[in-house]
file entry_36.txt (compact mmCIF, C-alpha atoms)
# COMPACT_ATOMS: atom_id res chain seq x y z
CA MET A 1 48.84 -34.95 0.20
CA LYS A 2 51.79 -32.91 1.28
CA LYS A 3 50.74 -30.20 -1.09
CA LEU A 4 47.25 -30.19 0.29
CA ALA A 5 48.51 -30.01 3.85
CA SER A 6 50.70 -27.04 3.13
CA LEU A 7 47.91 -25.39 1.27
CA LEU A 8 45.60 -25.85 4.23
CA PHE A 9 48.28 -24.56 6.55
CA ALA A 10 48.77 -21.51 4.41
CA ALA A 11 45.04 -20.90 4.39
CA LEU A 12 44.87 -21.26 8.16
CA VAL A 13 47.72 -18.84 8.68
CA ALA A 14 46.20 -16.41 6.25
CA SER A 15 42.83 -16.49 7.95
CA SER A 16 44.27 -16.19 11.45
CA ILE A 17 46.34 -13.24 10.32
CA GLY A 18 43.21 -11.83 8.80
CA ALA A 19 41.34 -12.31 12.05
CA THR A 20 43.85 -10.44 14.12
CA ALA A 21 44.64 -7.87 11.51
CA GLN A 22 43.33 -4.35 11.80
CA ALA A 23 39.86 -3.08 11.16
CA ALA A 24 38.00 -5.13 8.60
CA ASN A 25 35.07 -4.23 6.46
CA TYR A 26 31.94 -6.27 6.81
CA GLN A 27 28.99 -6.29 4.47
CA PHE A 28 25.54 -7.15 5.85
CA ASP A 29 24.51 -10.62 4.71
CA THR A 30 21.32 -9.40 3.07
CA LYS A 31 21.76 -11.89 0.25
CA GLY A 32 21.42 -14.80 2.63
CA ALA A 33 18.95 -12.78 4.75
CA HIS A 34 20.98 -12.97 7.93
CA ALA A 35 20.15 -9.43 8.76
CA PHE A 36 16.87 -7.93 9.90
CA VAL A 37 15.51 -4.45 10.43
CA GLN A 38 12.42 -4.81 12.56
CA PHE A 39 10.22 -2.55 14.58
CA ARG A 40 7.52 -2.95 17.12
CA ILE A 41 4.95 -0.57 18.51
CA LYS A 42 2.13 -1.05 20.95
CA HIS A 43 -1.35 -1.43 19.55
CA LEU A 44 -3.81 0.51 21.72
CA GLY A 45 -1.51 -0.36 24.61
CA TYR A 46 -2.87 -3.91 24.53
CA SER A 47 -0.33 -5.80 22.45
CA TRP A 48 2.85 -5.46 20.40
CA LEU A 49 2.64 -5.05 16.67
CA TYR A 50 5.72 -6.20 14.75
CA GLY A 51 6.87 -5.14 11.33
CA ARG A 52 10.04 -5.10 9.34
CA PHE A 53 11.74 -3.63 6.33
CA ASP A 54 12.46 -6.25 3.72
CA LYS A 55 14.99 -4.23 1.73
CA PHE A 56 18.00 -2.56 3.24
CA ASP A 57 21.73 -2.72 3.03
CA GLY A 58 24.64 -1.80 5.20
CA SER A 59 28.18 -2.35 6.21
CA PHE A 60 30.32 -1.99 9.27
CA VAL A 61 33.94 -1.69 10.17
CA TYR A 62 34.97 -3.82 13.11
CA ASP A 63 38.27 -4.57 14.74
CA GLU A 64 38.18 -7.12 17.52
CA ALA A 65 41.37 -5.67 18.98
CA LYS A 66 40.10 -2.14 18.86
CA PRO A 67 36.30 -2.27 18.88
CA GLU A 68 35.90 1.40 19.83
CA ALA A 69 37.00 2.25 16.30
CA SER A 70 33.99 0.48 14.83
CA SER A 71 31.43 2.18 12.64
CA VAL A 72 28.19 1.22 10.94
CA GLN A 73 25.99 2.54 8.21
CA VAL A 74 22.63 1.29 7.09
CA THR A 75 20.32 2.33 4.26
CA VAL A 76 16.71 1.19 4.47
CA ASP A 77 14.22 1.13 1.59
CA THR A 78 11.14 2.45 3.37
CA THR A 79 8.85 1.25 0.58
CA SER A 80 9.67 -2.30 1.67
CA LEU A 81 7.83 -1.96 4.97
CA ASN A 82 6.01 -5.17 5.77
CA SER A 83 3.67 -5.72 8.70
CA ASN A 84 1.90 -8.70 7.18
CA HIS A 85 -1.24 -6.73 6.30
CA ALA A 86 -1.50 -4.99 2.93
CA GLU A 87 -4.01 -2.34 3.96
CA ARG A 88 -1.96 -1.41 7.02
CA ASP A 89 1.28 -1.42 5.03
CA LYS A 90 -0.31 0.93 2.51
CA HIS A 91 -1.36 3.24 5.34
CA LEU A 92 2.07 3.11 7.01
CA ARG A 93 3.81 3.88 3.70
CA GLY A 94 1.40 6.72 3.01
CA GLU A 95 1.38 10.37 4.00
CA ASP A 96 0.06 9.74 7.51
CA PHE A 97 3.26 7.93 8.43
CA LEU A 98 6.46 7.34 6.45
CA ASN A 99 5.41 9.08 3.22
CA VAL A 100 7.66 6.78 1.25
CA ALA A 101 6.82 8.44 -2.05
CA LYS A 102 8.65 11.50 -0.75
CA TYR A 103 11.13 9.78 1.59
CA PRO A 104 11.97 6.41 0.06
CA THR A 105 15.08 5.83 2.13
CA ALA A 106 16.06 5.98 5.77
CA ILE A 107 19.72 6.17 6.68
CA PHE A 108 21.66 5.47 9.83
CA LYS A 109 25.28 6.54 10.17
CA SER A 110 27.16 5.89 13.37
CA THR A 111 29.16 8.58 15.07
CA SER A 112 30.63 6.61 17.98
CA PHE A 113 30.86 3.07 19.33
CA THR A 114 31.59 2.58 23.02
CA PRO A 115 32.14 -1.01 24.16
CA ASN A 116 31.40 -1.82 27.80
CA GLY A 117 33.90 -4.66 27.74
CA ASP A 118 31.27 -7.33 28.45
CA GLY A 119 30.16 -7.89 24.88
CA LYS A 120 27.77 -4.98 25.11
CA ALA A 121 28.24 -1.56 23.65
CA VAL A 122 26.57 1.75 22.99
CA LEU A 123 26.33 2.84 19.39
CA LYS A 124 25.51 6.45 18.68
CA GLY A 125 24.66 7.86 15.33
CA ASP A 126 22.37 9.94 13.15
CA LEU A 127 19.14 8.53 11.85
CA THR A 128 17.49 10.14 8.87
CA LEU A 129 13.84 9.10 8.70
CA HIS A 130 10.87 10.85 7.11
CA GLY A 131 13.26 13.59 6.03
CA VAL A 132 14.32 14.36 9.61
CA THR A 133 17.84 13.69 10.89
CA LYS A 134 18.26 13.16 14.63
CA PRO A 135 20.86 11.49 16.82
CA ILE A 136 19.83 8.16 18.31
CA THR A 137 21.49 5.67 20.64
CA ILE A 138 21.46 1.96 19.94
CA ASP A 139 22.24 -0.60 22.65
CA VAL A 140 24.36 -3.23 20.97
CA GLU A 141 25.19 -6.72 22.00
CA GLU A 142 27.79 -8.82 20.30
CA ILE A 143 26.31 -12.21 19.52
CA GLY A 144 29.31 -13.93 18.00
CA GLY A 145 31.81 -14.08 15.21
CA GLY A 146 34.22 -16.36 13.48
CA LYS A 147 34.68 -18.54 10.49
CA ASP A 148 31.64 -19.82 8.69
CA PRO A 149 31.50 -23.32 7.15
CA TRP A 150 31.93 -21.98 3.60
CA GLY A 151 35.26 -20.22 3.83
CA GLY A 152 34.05 -16.84 4.98
CA TYR A 153 34.35 -14.89 8.19
CA ARG A 154 31.38 -13.39 9.96
CA GLN A 155 30.54 -11.13 12.84
CA GLY A 156 27.07 -10.67 14.26
CA PHE A 157 25.35 -8.16 16.50
CA THR A 158 21.94 -7.29 17.78
CA GLY A 159 20.85 -3.78 18.56
CA LYS A 160 17.86 -2.08 20.12
CA THR A 161 16.73 1.49 20.16
CA GLU A 162 13.53 3.41 20.59
CA PHE A 163 12.30 6.84 19.67
CA LYS A 164 9.14 8.88 19.50
CA LEU A 165 7.50 8.93 16.09
CA LYS A 166 6.84 12.62 16.69
CA ASP A 167 10.58 13.27 16.89
CA PHE A 168 10.75 12.37 13.22
CA GLY A 169 7.75 14.42 12.25
CA ILE A 170 5.27 11.52 12.19
CA ASP A 171 2.32 12.78 14.17
CA TYR A 172 -0.63 10.58 13.23
CA ASP A 173 -2.35 9.82 16.53
CA LEU A 174 -2.14 6.14 17.39
CA GLY A 175 -2.98 6.83 21.02
CA PRO A 176 -0.99 7.53 24.16
CA ALA A 177 0.46 4.02 24.41
CA SER A 178 1.77 4.09 20.86
CA GLN A 179 3.99 7.16 20.78
CA VAL A 180 7.25 5.27 20.90
CA VAL A 181 8.47 2.77 18.35
CA GLU A 182 11.17 0.25 19.15
CA MET A 183 13.63 -0.80 16.49
CA ILE A 184 15.32 -4.16 16.66
CA LEU A 185 18.30 -4.60 14.38
CA ASP A 186 20.03 -7.90 13.84
CA VAL A 187 22.96 -8.08 11.51
CA GLU A 188 25.46 -10.63 10.45
CA GLY A 189 28.32 -9.15 8.46
CA ILE A 190 30.57 -11.03 6.08
CA ARG A 191 34.14 -9.82 6.08
CA GLN A 192 35.12 -8.49 2.70
CA MET B 1 -46.33 12.17 -16.05
CA GLU B 2 -47.31 8.63 -16.82
CA SER B 3 -44.49 6.18 -16.51
CA VAL B 4 -43.72 3.24 -18.66
CA VAL B 5 -44.09 -0.24 -17.25
CA GLN B 6 -42.13 -2.50 -19.52
CA THR B 7 -39.34 -4.83 -18.52
CA ARG B 8 -37.18 -4.74 -21.60
CA ASN B 9 -35.89 -1.79 -23.55
CA SER B 10 -37.63 -0.75 -26.73
CA ASN B 11 -36.70 1.56 -29.55
CA THR B 12 -38.18 4.48 -27.68
CA HIS B 13 -37.95 3.54 -24.01
CA TYR B 14 -35.75 2.05 -21.39
CA GLY B 15 -37.42 -0.84 -19.58
CA TRP B 16 -37.70 -0.66 -15.81
CA VAL B 17 -34.75 -3.05 -15.34
CA ALA B 18 -32.34 -0.71 -17.13
CA VAL B 19 -33.81 2.27 -15.27
CA LEU B 20 -33.42 0.48 -11.95
CA PHE B 21 -29.80 -0.46 -12.72
CA HIS B 22 -29.01 3.16 -13.50
CA TRP B 23 -30.65 4.67 -10.44
CA LEU B 24 -29.43 2.02 -8.03
CA MET B 25 -25.85 2.40 -9.14
CA ALA B 26 -25.60 6.15 -9.75
CA PRO B 27 -26.13 7.31 -6.15
CA ALA B 28 -24.16 4.35 -4.79
CA ILE B 29 -21.16 5.20 -6.99
CA ILE B 30 -21.18 8.87 -6.05
CA GLY B 31 -21.65 7.89 -2.40
CA MET B 32 -18.73 5.48 -2.66
CA PHE B 33 -16.50 8.23 -3.96
CA ALA B 34 -17.49 10.47 -1.05
CA LEU B 35 -17.07 7.65 1.47
CA GLY B 36 -13.68 6.68 0.06
CA TRP B 37 -12.44 10.24 0.06
CA TRP B 38 -13.68 10.82 3.62
CA MET B 39 -12.61 7.56 5.20
CA VAL B 40 -8.92 7.79 4.27
CA GLY B 41 -8.68 10.95 6.38
CA LEU B 42 -10.14 9.41 9.53
CA GLY B 43 -8.19 9.21 12.77
CA TYR B 44 -7.33 5.87 14.28
CA TYR B 45 -9.77 6.31 17.17
CA ASP B 46 -12.69 7.32 14.99
CA PRO B 47 -15.54 4.78 15.21
CA TRP B 48 -15.71 4.90 11.41
CA TYR B 49 -12.03 4.02 11.02
CA ARG B 50 -12.92 0.36 10.57
CA GLN B 51 -16.58 0.64 9.61
CA GLY B 52 -15.97 3.06 6.71
CA PRO B 53 -13.60 0.79 4.79
CA ASP B 54 -15.74 -2.27 5.61
CA ILE B 55 -18.78 -0.66 4.01
CA HIS B 56 -16.71 0.71 1.13
CA LYS B 57 -15.33 -2.74 0.29
CA SER B 58 -18.68 -4.51 0.68
CA VAL B 59 -20.59 -2.04 -1.48
CA GLY B 60 -17.76 -2.12 -4.02
CA ILE B 61 -18.10 -5.87 -4.50
CA LEU B 62 -21.90 -5.57 -4.77
CA LEU B 63 -21.51 -2.81 -7.35
CA LEU B 64 -19.15 -4.99 -9.36
CA ILE B 65 -21.79 -7.73 -9.43
CA LEU B 66 -24.43 -5.17 -10.44
CA LEU B 67 -22.19 -3.84 -13.21
CA VAL B 68 -21.67 -7.29 -14.69
CA ALA B 69 -25.41 -7.99 -14.53
CA ARG B 70 -26.10 -4.59 -16.09
CA LEU B 71 -23.72 -5.20 -18.98
CA VAL B 72 -25.28 -8.60 -19.60
CA TRP B 73 -28.72 -6.99 -19.56
CA ARG B 74 -27.53 -4.35 -21.98
CA TRP B 75 -26.12 -7.08 -24.20
CA VAL B 76 -29.48 -8.93 -24.46
CA ASN B 77 -31.48 -5.73 -24.97
CA ILE B 78 -31.69 -3.15 -27.67
CA GLU B 79 -30.80 0.43 -26.89
CA PRO B 80 -33.44 3.10 -27.45
CA SER B 81 -32.42 5.28 -30.38
CA PRO B 82 -30.75 8.49 -29.29
CA GLU B 83 -32.59 11.77 -29.44
CA PRO B 84 -31.93 13.89 -32.52
CA ALA B 85 -28.54 15.56 -32.11
CA PRO B 86 -25.44 16.18 -34.17
CA ARG B 87 -23.66 12.96 -35.04
CA TRP B 88 -20.54 13.87 -33.03
CA GLN B 89 -22.64 14.42 -29.91
CA GLN B 90 -24.30 11.03 -30.27
CA ARG B 91 -20.90 9.44 -30.72
CA ALA B 92 -19.44 11.31 -27.76
CA ALA B 93 -22.36 10.23 -25.58
CA GLY B 94 -21.90 6.60 -26.60
CA ALA B 95 -18.14 6.76 -25.97
CA ALA B 96 -18.74 8.37 -22.57
CA HIS B 97 -21.11 5.58 -21.54
CA TRP B 98 -18.60 2.87 -22.44
CA LEU B 99 -15.81 4.81 -20.77
CA ILE B 100 -17.90 4.99 -17.58
CA TYR B 101 -18.37 1.21 -17.66
CA ALA B 102 -14.65 0.67 -18.29
CA LEU B 103 -13.64 3.06 -15.50
CA LEU B 104 -16.05 1.42 -13.07
CA LEU B 105 -14.66 -2.01 -13.85
CA ALA B 106 -11.07 -0.79 -13.46
CA ILE B 107 -11.93 0.97 -10.18
CA PHE B 108 -13.59 -2.15 -8.77
CA VAL B 109 -10.70 -4.39 -9.80
CA SER B 110 -8.01 -2.01 -8.48
CA GLY B 111 -9.88 -1.62 -5.19
CA TYR B 112 -10.15 -5.39 -4.87
CA LEU B 113 -6.40 -5.68 -5.54
CA ILE B 114 -5.60 -3.30 -2.65
CA SER B 115 -7.44 -5.26 0.00
CA THR B 116 -6.47 -8.70 -1.29
CA ALA B 117 -2.79 -7.89 -1.95
CA ASP B 118 -1.71 -10.00 1.02
CA GLY B 119 -4.03 -12.88 0.26
CA ARG B 120 -6.80 -11.78 2.61
CA ALA B 121 -10.35 -12.15 1.37
CA ILE B 122 -12.90 -9.32 1.22
CA GLU B 123 -15.81 -9.83 3.57
CA VAL B 124 -19.05 -8.52 2.11
CA PHE B 125 -21.24 -7.47 5.07
CA ASN B 126 -20.57 -10.76 6.89
CA TRP B 127 -22.65 -12.24 4.12
CA PHE B 128 -20.09 -13.86 1.85
CA SER B 129 -16.43 -13.38 1.18
CA VAL B 130 -14.48 -12.92 -2.02
CA PRO B 131 -11.09 -14.63 -1.97
CA ALA B 132 -7.85 -13.10 -3.20
CA THR B 133 -6.60 -14.13 -6.63
CA LEU B 134 -3.78 -11.94 -7.91
CA GLN B 135 -1.65 -11.27 -4.84
CA GLY B 136 1.84 -10.62 -3.61
CA LEU B 137 3.03 -8.43 -6.47
CA GLU B 138 5.68 -6.00 -5.32
CA ASN B 139 3.97 -3.04 -3.65
CA GLN B 140 0.67 -4.23 -5.14
CA GLU B 141 -1.45 -2.37 -2.58
CA ASP B 142 0.33 0.93 -3.24
CA ILE B 143 0.19 0.72 -7.03
CA ALA B 144 -3.43 -0.46 -7.03
CA GLY B 145 -4.20 2.34 -4.57
CA ILE B 146 -2.80 5.06 -6.82
CA ILE B 147 -4.70 3.68 -9.82
CA HIS B 148 -7.90 3.37 -7.76
CA GLU B 149 -7.71 6.99 -6.62
CA TRP B 150 -6.88 8.52 -10.02
CA LEU B 151 -9.53 6.55 -11.86
CA ALA B 152 -12.10 7.50 -9.23
CA TRP B 153 -11.40 11.19 -9.80
CA THR B 154 -11.51 10.67 -13.58
CA LEU B 155 -14.85 8.91 -13.23
CA MET B 156 -16.28 11.75 -11.15
CA GLY B 157 -15.21 14.20 -13.86
CA LEU B 158 -16.98 12.11 -16.47
CA VAL B 159 -20.06 11.72 -14.24
CA LEU B 160 -20.25 15.49 -14.00
CA VAL B 161 -20.12 15.85 -17.79
CA HIS B 162 -22.70 13.04 -18.14
CA GLY B 163 -25.06 14.75 -15.69
CA LEU B 164 -24.64 18.19 -17.24
CA ALA B 165 -25.30 16.72 -20.67
CA ALA B 166 -28.50 15.12 -19.38
CA PHE B 167 -29.70 18.47 -17.96
CA LYS B 168 -28.73 20.23 -21.18
CA HIS B 169 -30.86 17.77 -23.14
CA HIS B 170 -33.74 18.20 -20.72
CA PHE B 171 -33.76 21.97 -20.23
CA VAL B 172 -32.09 23.35 -23.34
CA ASN B 173 -32.92 20.89 -26.08
CA LYS B 174 -36.14 19.96 -24.27
CA ASP B 175 -35.91 16.42 -25.60
CA ASN B 176 -36.62 13.06 -23.91
CA THR B 177 -33.10 11.95 -23.01
CA LEU B 178 -33.52 12.37 -19.26
CA ARG B 179 -37.20 11.38 -19.30
CA LYS B 180 -36.26 8.07 -20.89
CA MET B 181 -33.83 7.27 -18.10
CA LEU B 182 -36.48 8.27 -15.56
CA GLY B 183 -38.83 5.75 -17.14
CA MET B 184 -41.21 8.47 -18.28
CA ASN B 185 -43.18 8.81 -21.48
CA ALA B 186 -42.21 11.26 -24.17
CA ARG B 187 -43.30 14.86 -23.80
CA LYS B 188 -46.77 15.67 -25.04
CA GLY B 189 -46.91 16.94 -28.54
CA GLN B 190 -43.92 14.95 -29.73
call {"tool": "encode", "arguments": {"input": "entry_36.txt", "output": "structure tokens"}}
result
Amino acid sequence: MKKLASLLFAALVASSIGATAQAANYQFDTKGAHAFVQFRIKHLGYSWLYGRFDKFDGSFVYDEAKPEASSVQVTVDTTSLNSNHAERDKHLRGEDFLNVAKYPTAIFKSTSFTPNGDGKAVLKGDLTLHGVTKPITIDVEEIGGGKDPWGGYRQGFTGKTEFKLKDFGIDYDLGPASQVVEMILDVEGIRQ
Amino acid sequence: MESVVQTRNSNTHYGWVAVLFHWLMAPAIIGMFALGWWMVGLGYYDPWYRQGPDIHKSVGILLLILLVARLVWRWVNIEPSPEPAPRWQQRAAGAAHWLIYALLLAIFVSGYLISTADGRAIEVFNWFSVPATLQGLENQEDIAGIIHEWLAWTLMGLVLVHGLAAFKHHFVNKDNTLRKMLGMNARKGQ
């Protein structure tokens, strides 16, 4: 019993040290699917169409004491696009849109992270999509973080950004109301 | 130019059923290739953007049914003997016919697998619908799509050879190959 208590104490100390230690590496929990890369775009201007990428991976560096030093990188398998309609998915993966045969991956690499101090932050970085690399800005909100019930430590965020498809060389005409796509990114990272 | 009115094939003639199968399907198949090629280039606001694929899928299912019926009909009928020609040409013609059937079947199945990849059924002219069977394979619609397109081009190449061979028989050899498929009697004096 004594042994167990000291062991628990040691574990507690270790984890609290870990929590306050410097920048930690987090891996997206794609295995447990607690991370999502989704998009939405207006259909004819009448409704929102949602889709997602089923395969992606990423990691981030985050330090609660010094959040401005954070960084993120994400790699998305564009062939895994899923909008719940095979014929549409085929079209979206084809040459009119993502041309996944030629550009099978999309990459985001952050260049700066600016916390507002209220749990919100602005994440800037370069997005490579459809072979075009452009800077984008993602509005980030910290959802929460802490120990999980299975001995791990997690940190989760949600982010939103939008850009014109044309900016990334995708110029198939979906109509005036469907020029801009919104990306919604939700990630839960497990500290490594 | 008297035509033959017999239902079943004979040693010298195709019956009208076989002739009808051929001439119903031939223009439909070539038309389907043209429609398929044209419709994938349509803009989102084109009125044919939805109608084109709807017709393509519906006709495709009907052609599949026709092909099965045609093969059954061929199975229960004899084939007219080929016109005199070198043995290798007769063999090549026979192989080409079976290859056309095989390609058609593969094109119909791969097309079906595109549209039903997510479990959706294919609606045939609001008349009946064909449910999905094999579905949910990884990137099924993309793989089936590539196969569908390549086989369609291959088929069109073979159709061209088939048509040229028929004209060669008719105009160069001056035999009854084409006349038989048109349901016509043999040339006078033969």
call {"tool": "closest_residue", "arguments": {"input": "entry_36.txt", "among": "B:Leu42, B:Met156, B:Ala92, B:Leu66", "to": "chain A", "atoms": "all atoms listed in the file"}}
result
B:Leu42
call {"tool": "residues_around", "arguments": {"input": "entry_36.txt", "residues": "A:Gly94", "least_positions_apart": "3", "cutoff": "12 Å", "atoms": "only C-alpha atoms", "output": "JSON list (two decimals) with C-alpha atoms, keeping the file's coordinate frame"}}
result
[["chain", "number", "residue", "atom", "x", "y", "z"],
["A", 78, "THR", "CA", 11.14, 2.45, 3.37],
["A", 79, "THR", "CA", 8.85, 1.25, 0.58],
["A", 81, "LEU", "CA", 7.83, -1.96, 4.97],
["A", 87, "GLU", "CA", -4.01, -2.34, 3.96],
["A", 88, "ARG", "CA", -1.96, -1.41, 7.02],
["A", 89, "ASP", "CA", 1.28, -1.42, 5.03],
["A", 90, "LYS", "CA", -0.31, 0.93, 2.51],
["A", 91, "HIS", "CA", -1.36, 3.24, 5.34],
["A", 97, "PHE", "CA", 3.26, 7.93, 8.43],
["A", 98, "LEU", "CA", 6.46, 7.34, 6.45],
["A", 99, "ASN", "CA", 5.41, 9.08, 3.22],
["A", 100, "VAL", "CA", 7.66, 6.78, 1.25],
["A", 101, "ALA", "CA", 6.82, 8.44, -2.05],
["A", 102, "LYS", "CA", 8.65, 11.50, -0.75],
["A", 103, "TYR", "CA", 11.13, 9.78, 1.59],
["A", 104, "PRO", "CA", 11.97, 6.41, 0.06],
["A", 130, "HIS", "CA", 10.87, 10.85, 7.11],
["A", 170, "ILE", "CA", 5.27, 11.52, 12.19],
["A", 172, "TYR", "CA", -0.63, 10.58, 13.23],
["B", 40, "VAL", "CA", -8.92, 7.79, 4.27],
["B", 41, "GLY", "CA", -8.68, 10.95, 6.38],
["B", 141, "GLU", "CA", -1.45, -2.37, -2.58],
["B", 142, "ASP", "CA", 0.33, 0.93, -3.24],
["B", 143, "ILE", "CA", 0.19, 0.72, -7.03],
["B", 145, "GLY", "CA", -4.20, 2.34, -4.57],
["B", 146, "ILE", "CA", -2.80, 5.06, -6.82]]
call {"tool": "closest_atom_pairs", "arguments": {"input": "entry_36.txt", "of": "chain B", "to": "chain A", "cutoff": "8 Å", "atoms": "all atoms listed in the file", "output": "Markdown table"}}
result
| residue | atom | partner | partner_atom | distance |
| --- | --- | --- | --- | --- |
| B:Gly43 | CA | A:Asp173 | CA | 7.0 |
| B:Tyr44 | CA | A:Leu174 | CA | 6.1 |
| B:Tyr45 | CA | A:Leu174 | CA | 7.6 |
| B:Ile114 | CA | A:Glu87 | CA | 6.9 |
| B:Ser115 | CA | A:Glu87 | CA | 6.0 |
| B:Thr116 | CA | A:Ala86 | CA | 7.5 |
| B:Ala117 | CA | A:Ala86 | CA | 5.8 |
| B:Asp118 | CA | A:Ala86 | CA | 5.4 |
| B:Asn139 | CA | A:Thr79 | CA | 7.8 |
| B:Glu141 | CA | A:Ala86 | CA | 6.1 |
| B:Asp142 | CA | A:Lys90 | CA | 5.8 |
call {"tool": "closest_residue", "arguments": {"input": "entry_36.txt", "among": "B:Ala166, B:Leu182, B:Ile147, B:Met25", "to": "B:Leu63", "atoms": "only C-alpha atoms"}}
result
B:Met25
call {"tool": "residues_near_point", "arguments": {"input": "entry_36.txt", "point": "(-20.8, 11.1, -25.1)", "cutoff": "12 Å", "atoms": "all atoms listed in the file", "output": "ChimeraX atom specification"}}
result
/B:82,85-100,158-166
call {"tool": "write_last_selection", "arguments": {"input": "entry_36.txt", "atoms": "C-alpha atoms", "output": "CSV table (one decimal), keeping the file's coordinate frame"}}
result
chain,number,residue,atom,x,y,z
B,82,PRO,CA,-30.8,8.5,-29.3
B,85,ALA,CA,-28.5,15.6,-32.1
B,86,PRO,CA,-25.4,16.2,-34.2
B,87,ARG,CA,-23.7,13.0,-35.0
B,88,TRP,CA,-20.5,13.9,-33.0
B,89,GLN,CA,-22.6,14.4,-29.9
B,90,GLN,CA,-24.3,11.0,-30.3
B,91,ARG,CA,-20.9,9.4,-30.7
B,92,ALA,CA,-19.4,11.3,-27.8
B,93,ALA,CA,-22.4,10.2,-25.6
B,94,GLY,CA,-21.9,6.6,-26.6
B,95,ALA,CA,-18.1,6.8,-26.0
B,96,ALA,CA,-18.7,8.4,-22.6
B,97,HIS,CA,-21.1,5.6,-21.5
B,98,TRP,CA,-18.6,2.9,-22.4
B,99,LEU,CA,-15.8,4.8,-20.8
B,100,ILE,CA,-17.9,5.0,-17.6
B,158,LEU,CA,-17.0,12.1,-16.5
B,159,VAL,CA,-20.1,11.7,-14.2
B,160,LEU,CA,-20.2,15.5,-14.0
B,161,VAL,CA,-20.1,15.8,-17.8
B,162,HIS,CA,-22.7,13.0,-18.1
B,163,GLY,CA,-25.1,14.8,-15.7
B,164,LEU,CA,-24.6,18.2,-17.2
B,165,ALA,CA,-25.3,16.7,-20.7
B,166,ALA,CA,-28.5,15.1,-19.4
call {"tool": "residues_around", "arguments": {"input": "entry_36.txt", "residues": "A:Gly152", "least_positions_apart": "5", "cutoff": "8 Å", "atoms": "only C-alpha atoms", "output": "ChimeraX atom specification"}}
result
/A:147,190-191
call {"tool": "closest_residue", "arguments": {"input": "entry_36.txt", "among": "B:Ala102, B:Val68, B:Ile107, B:Leu24", "to": "B:Leu151", "atoms": "all atoms listed in the file"}}
result
B:Ile107
call {"tool": "atom_distance", "arguments": {"input": "entry_36.txt", "atom1": "atom CA of A:Pro115", "atom2": "atom CA of A:Gln179"}}
result
29.5 Å
call {"tool": "residues_near_point", "arguments": {"input": "entry_36.txt", "point": "(23.6, -5.1, 20.6)", "cutoff": "7 Å", "atoms": "all atoms listed in the file", "output": "list of chain:residue names"}}
result
A:Lys120, A:Ala121, A:Asp139, A:Val140, A:Glu141, A:Glu142, A:Phe157, A:Thr158, A:Gly159, A:Lys160
call {"tool": "atom_distance", "arguments": {"input": "entry_36.txt", "atom1": "atom CA of A:Tyr62", "atom2": "atom CA of A:Asn25"}}
result
6.7 Å
call {"tool": "residues_around", "arguments": {"input": "entry_36.txt", "residues": "B:Pro53", "least_positions_apart": "6", "cutoff": "12 Å", "atoms": "all atoms listed in the file", "output": "list in words"}}
result
Glu87 of chain A; Met32, Phe33, Ala34, Leu35, Gly36, Trp37, Trp38, Met39, Val40, Gly41, Leu42, Pro47, Val59, Gly60, Gly111, Tyr112, Ile114, Ser115, Ile122, Glu123, Val124 and Phe125 of chain B
call {"tool": "atom_distance", "arguments": {"input": "entry_36.txt", "atom1": "atom CA of A:Pro67", "atom2": "atom CA of A:Ala35"}}
result
20.4 Å
call {"tool": "residues_around", "arguments": {"input": "entry_36.txt", "residues": "A:Gly51", "least_positions_apart": "3", "cutoff": "7 Å", "atoms": "only C-alpha atoms", "output": "PyMOL selection string"}}
result
chain A and resi 38-40+82-83
call {"tool": "closest_residue", "arguments": {"input": "entry_36.txt", "among": "A:Gln192, A:Ser178, A:Ser59, A:Ser112", "to": "A:Gly125", "atoms": "all atoms listed in the file"}}
result
A:Ser112
call {"tool": "build_atoms", "arguments": {"input": "entry_36.txt", "residues": "stretch 98-106 of chain B", "atoms": "N, CA and C atoms", "output": "PDB file, in the coordinates of the input"}}
result
ATOM      1  N   TRP B  98     -19.513   4.022 -22.501  1.00  0.00           N
ATOM      2  CA  TRP B  98     -18.600   2.870 -22.440  1.00  0.00           C
ATOM      3  C   TRP B  98     -17.395   3.180 -21.566  1.00  0.00           C
ATOM      4  N   LEU B  99     -16.949   4.430 -21.602  1.00  0.00           N
ATOM      5  CA  LEU B  99     -15.810   4.810 -20.770  1.00  0.00           C
ATOM      6  C   LEU B  99     -16.190   4.724 -19.285  1.00  0.00           C
ATOM      7  N   ILE B 100     -17.440   5.096 -18.971  1.00  0.00           N
ATOM      8  CA  ILE B 100     -17.900   4.990 -17.580  1.00  0.00           C
ATOM      9  C   ILE B 100     -17.892   3.524 -17.149  1.00  0.00           C
ATOM     10  N   TYR B 101     -18.400   2.643 -18.001  1.00  0.00           N
ATOM     11  CA  TYR B 101     -18.370   1.210 -17.660  1.00  0.00           C
ATOM     12  C   TYR B 101     -16.936   0.742 -17.437  1.00  0.00           C
ATOM     13  N   ALA B 102     -16.042   1.122 -18.364  1.00  0.00           N
ATOM     14  CA  ALA B 102     -14.650   0.670 -18.290  1.00  0.00           C
ATOM     15  C   ALA B 102     -13.976   1.196 -17.019  1.00  0.00           C
ATOM     16  N   LEU B 103     -14.228   2.471 -16.706  1.00  0.00           N
ATOM     17  CA  LEU B 103     -13.640   3.060 -15.500  1.00  0.00           C
ATOM     18  C   LEU B 103     -14.159   2.352 -14.252  1.00  0.00           C
ATOM     19  N   LEU B 104     -15.469   2.105 -14.221  1.00  0.00           N
ATOM     20  CA  LEU B 104     -16.050   1.420 -13.070  1.00  0.00           C
ATOM     21  C   LEU B 104     -15.384   0.067 -12.861  1.00  0.00           C
ATOM     22  N   LEU B 105     -15.264  -0.679 -13.949  1.00  0.00           N
ATOM     23  CA  LEU B 105     -14.660  -2.010 -13.850  1.00  0.00           C
ATOM     24  C   LEU B 105     -13.226  -1.893 -13.322  1.00  0.00           C
ATOM     25  N   ALA B 106     -12.460  -0.958 -13.877  1.00  0.00           N
ATOM     26  CA  ALA B 106     -11.070  -0.790 -13.460  1.00  0.00           C
ATOM     27  C   ALA B 106     -10.981  -0.333 -12.002  1.00  0.00           C
TER      28      ALA B 106
END
